[in-house]
Structures are given as C-alpha cells and as structure tokens.
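A.B. asks: Just dropping this structure here.
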Amino acid sequence: MTGLKMIGIGRALPSRCVTNDDLSKIVDTNDAWISERTGIRRRYYCADGESTNTLIAAAAREALECARLQPEQIDCVIVATVSSNYASPSVACLLQAELGIRENIPVMDINAACAGFLFGIATAAGLLQICGGRHALVVGGEQLSRLMDMTDRSTCVLFGDGAGAAVFERDESADLCVDLGSRGGMDIQIEGVGRPDPSYIKMNGNAVFRFAVGVIPDCLNAVMDKAGLTMDDIDWVVCHQANARIIDHCAKKMGAPEKFYKNIDRYGNTSAASIPLALYDMYKEGLLKDGQKVLAVGFGAGLTWAGALLNIHMGASE
Ligand code: UT7
C-alpha cells in the first residue's frame with residue numbers, strides 16, 4: 001500500500017476553559033487527585049453555538065491553509081468522531097458542503113473512538129488507492145462534554161472537547177505502515193446516543209488502564225517491525241492522551257522516554273481529536289520537522305487500537 005506524508009495540520013478548541021478547580025465546585029474531586037492520577041490540568045467545553053461540527057470545520061480550514069491546498073484539491077475526507085451532531089448526515093458530508101469540497105470522492109465518518117484518527121488515516125490511504133487521487137483530509141473531533149455524566153467523578157474529570165485535522169499526500173517513496181485491531185466489549189460505552197434521554201460515557205477505568213499499558217508497546221513494536229525500523233529511527237512517539245501515567249509507563253518500557261510527547265495537561269482526553277491536537281502543538285512548538293518519522297498510537301472504546309508511522313513533510317508538493 002502506497003504511503004502518505006502529512007503536509008498540513010490544524011486545530012480548533014471551544015471557548016470555555018474548565019480547570020480542575022472549576023470541576024471541584026460541582027463534583028467531589030480536587031486538583032491534586034486529577035493532576036496526580038491523570039496529568040490533566042484543564043480541558044475545554046463547547047459553549048453555545050459550538051459543537052463537534054463547528055470545531056471540525058475550523059480545524060479543517062486551518063489544516064488546508066497549512067498544506068497550501070484549496071478545498072477542491074481534496075480527494076477523500078474522513079472524520080473520526082463519536083459525538084457528531086446528527087446520526088446522519090455524517091460530519092464529513094456537512095464539512096464537504098461547508099468547505100466546498102468537490103463531489104464524486106469518498107467522504108464519510110468512522111467510529112473507532114480514540115483510535116479513530118489513525119483508523120481514518122488507514123481508511124483514507126486505502127480509498128485513495130482504490131478511487132484514485134492524491135490528497136486526503138482526515139479530522140478527529142469531539143464534543144464529549146455533552147456525553148458526560150457530571151455527577152460521575154470517575155469519568156467527568158477526564159474528557160474534553162476539541163478537533164484536530166491533518167492533510168495527507170500520497171507518497172510513492174514509502175509504504176503505509178499501520179497496525180490496527182479491535183476487541184469487542186463494553187469496557188467503555190456511551191449509552192442512549194440519539195435518544196431524547198441523556199447520553200453518558202461510562203468506563204471501567206482500571207480495565208482500560210491495564211489494556212492500554214499492554215497494547216501500546218505491542219502496537220508500537222508491530223508498526224516498527226512492519227517498517228523495518230527501531231526506536232533509534234523514530235523522532236517522536238505520539239500516544240493518545242488519556243492519562244499521563246499510561247504514557248510515562250509505556251515511554252519507560254520502550255526505553256526512549258524523551259521521544260514521547262505529552263499535552264494532556266492542556267486538553268484532557270479528547271478521544272479522536274487527541275492525536276492531531278498533539279501533532280498540532282508539536283508543530284507550533286517547532287518540534288516537527290520535515291523528514292521526521294512520528295510513531296502514533298491510539299486506543300479506546302471498542303476496544304480499538306491503532307498504530308501508524310507518519311512521515312512529516314509540511315506543505316503540498318508542486
Ligand atoms: O480514551 C479512552 C481510554 N481511557 C483510558 O485510557 C482511561 C484509563 N484509566 C485511567 O486513566 C484511570 O483508571 C482513571 C484515571 C480513570 C482512574 O484512576 P485510578 O488510579 O485507576 O483510580 P481508581 O479508579 O482506582 O480510583 C481510586 C480512588 C477511588 O477511591 P477509593 O475507592 O480508593 O476510596 C475512587 O473513588 O480514587 C477515587 N476517585 C476520585 N477521587 C477524586 C475516582 N475519581 C476521582 C476523582 N476525584 N475525580
């Protein structure tokens with residue numbers, strides 16, 4: 001399978017910033033517990049007029065600008081989300097209409113929870129190969145605040161809203177190296193979506209923690225094996241930002257802690273948005289350079305997991 005290089009990145013955050021202290025006023029929690037157990041210091045919630053769809057559109061626009069591409073140059077659109085405004089039409093189709101992306105190309109949402117952005121990259125690569133075309137827009141975006149039970153301190157302190165978008169270009173010089181998997185179960189669930197009654201995220205946190213610290217190193221090693229690379233060849237590792245302790249544990253196990261990027265303190269767990277939000281911050285901090293190789297790994301409800309090797313080369317080719 002022909003590879004992809006990442007040529008543009010964008011993001012959008014809602015306007016309402018919620019600190020741990022803010023949460024301690026509405027549920028029995030405190031800043032010390034949240035920051036020590038998870039690494040989270042703040043997160044963002046959508047305010048009136050903001051939603052998964054508005055965040056995704058803003059992030060996608062910035063990613064296209066960064067890639068120096070016009071919407072009509074996009075050949076495939078994938079949106080990863082578990083919190084779209086409507087069951088149908090897809091967020092991706094609404095984005096297509098809003099941005100003026102052309103017809104006769106594949107445009108769809110996927111639900112692979114926190115692994116969704118990487119499932120989206122793999123899906124886009126396959127679709128470009130099957131349908132033809134050069135450029136894919138892959139977006140992860142969530143409004144998890146509307147799915148939270150604000151009386152359940154074991155989940156409501158963890159999640160936040162946001163969107164990250166990336167533009168990819170087919171790269172004939174590289175193969176796509178991914179490792180994707182899933183194990184059906186109910187360790188994380190969102191109940192009641194699409195019904196008038198409230199929909200809440202429920203999670204068996206301890207089980208998911210144990211799952212994550214096992215699957216992340218396995219997934220990273222599987223992608224490196226497929227690519228014929230070792231950690232020495234990798235510039236950065238970007239894990240889904242669910243818990244700083246999960247990332248630190250895996251970083252130690254992989255023997256290269258300095259390569260593991262963390263920004264969970266700023267946004268909490270934003271599910272499908274978390275990996276592109278990390279890539280965005282790395283780019284803005286000057287950490288991502290052309291020619292670098294980034295190993296990304298996501299895991300979440302399903303359970304799902306995904307690893308992918310990302311080649312960085314910002315800006316579309318002539
Ligand atoms: O993106 C999807 C993937 N999701 C994940 O990766 C989540 C993975 N799991 C986790 O990150 C952790 O399991 C949690 C952060 C969810 C929980 O951390 P933990 O260290 O596993 O805590 P725990 O659930 O074992 O709870 C320890 C204690 C309990 O009190 P007792 O029974 O020891 O008295 C909880 O009731 O902490 C209590 N607790 C809290 N205390 C203050 C749970 N939530 C809170 C809270 N504030 N928000």
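So you can find residues: chains in the structure tokens are A, B, ... in the order shown, residues in each start at 1, and ligands are numbered from 1 in order.
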Within 6 Å of Arg43 of chain A, counting only C-alpha atoms, which residues show up once you throw out same-chain ones fewer than 6 positions away? Write them as a list of chain:residue names, please.

C.D. replies: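 After dropping sequence-adjacent residues, the list is A:Cys17, A:Val18, A:Gly160, A:Tyr267, A:Gly268.
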
A.B. asks: Output N, CA, C and O atoms for every residue in the selection just made, as a short mmCIF file (atom, residue, chain, number, x, y, z; two decimals), in the first residue's frame.

C.D. replies:
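Output contents, as saved in out_3.cif:
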```cif
data_model
loop_
_atom_site.label_atom_id
_atom_site.label_comp_id
_atom_site.auth_asym_id
_atom_site.auth_seq_id
_atom_site.Cartn_x
_atom_site.Cartn_y
_atom_site.Cartn_z
N CYS A 17 -12.91 27.34 28.87
CA CYS A 17 -11.83 26.59 29.52
C CYS A 17 -12.28 26.20 30.93
O CYS A 17 -12.77 27.05 31.68
N VAL A 18 -12.13 24.92 31.28
CA VAL A 18 -12.60 24.41 32.58
C VAL A 18 -11.39 23.82 33.33
O VAL A 18 -10.77 22.86 32.88
N GLY A 160 -12.60 16.11 27.37
CA GLY A 160 -12.74 17.48 26.91
C GLY A 160 -13.13 17.51 25.45
O GLY A 160 -13.19 16.46 24.78
N TYR A 267 -5.64 19.74 27.61
CA TYR A 267 -6.93 19.45 26.96
C TYR A 267 -7.68 18.27 27.56
O TYR A 267 -8.82 18.03 27.16
N GLY A 268 -7.10 17.49 28.45
CA GLY A 268 -7.73 16.25 28.89
C GLY A 268 -7.78 15.25 27.76
O GLY A 268 -7.03 15.35 26.78
#
```

A.B. asks: Which chains and residue numbers are within 8 Å of ligand 1, counting only C-alpha atoms and all ligand atoms, if I want them as a ChimeraX atom specification?

C.D. replies: /A:27-30,33-34,37-38,113-114,153-158,188,203-210,212,240-243,245-246,269-271,299-301

A.B. asks: Nearest residue to Lys262 of chain A out of A:Leu55, A:Leu176, A:Ile40, A:Met6, using only C-alpha atoms?

C.D. replies: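 Once distances to Lys262 of chain A are computed over only C-alpha atoms, the minimum belongs to A:Ile40.
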
A.B. asks: Using only C-alpha atoms, determine which residues lie at most 7 Å from segment 249-253 of chain A, disregarding the query and same-chain residues fewer than 3 positions distant; provide the list as a PyMOL selection string.

C.D. replies: chain A and resi 213+216-217+245-246+256-257+260

A.B. asks: I need the residues of segment 23-228 of chain A that end up classed as alpha helix (DSSP H) by DSSP on the backbone, written out as JSON, numbers by chain.

C.D. replies: {"A": [23, 24, 31, 32, 33, 34, 35, 36, 37, 38, 52, 53, 54, 55, 56, 57, 58, 59, 60, 61, 62, 63, 64, 65, 66, 67, 91, 92, 93, 94, 95, 96, 97, 98, 99, 116, 117, 118, 119, 120, 121, 122, 123, 124, 125, 126, 127, 128, 129, 130, 131, 153, 154, 155, 156, 205, 206, 207, 208, 209, 210, 211, 212, 213, 214, 215, 216, 217, 218, 219, 220, 221, 222, 223, 224, 225, 226, 227]}
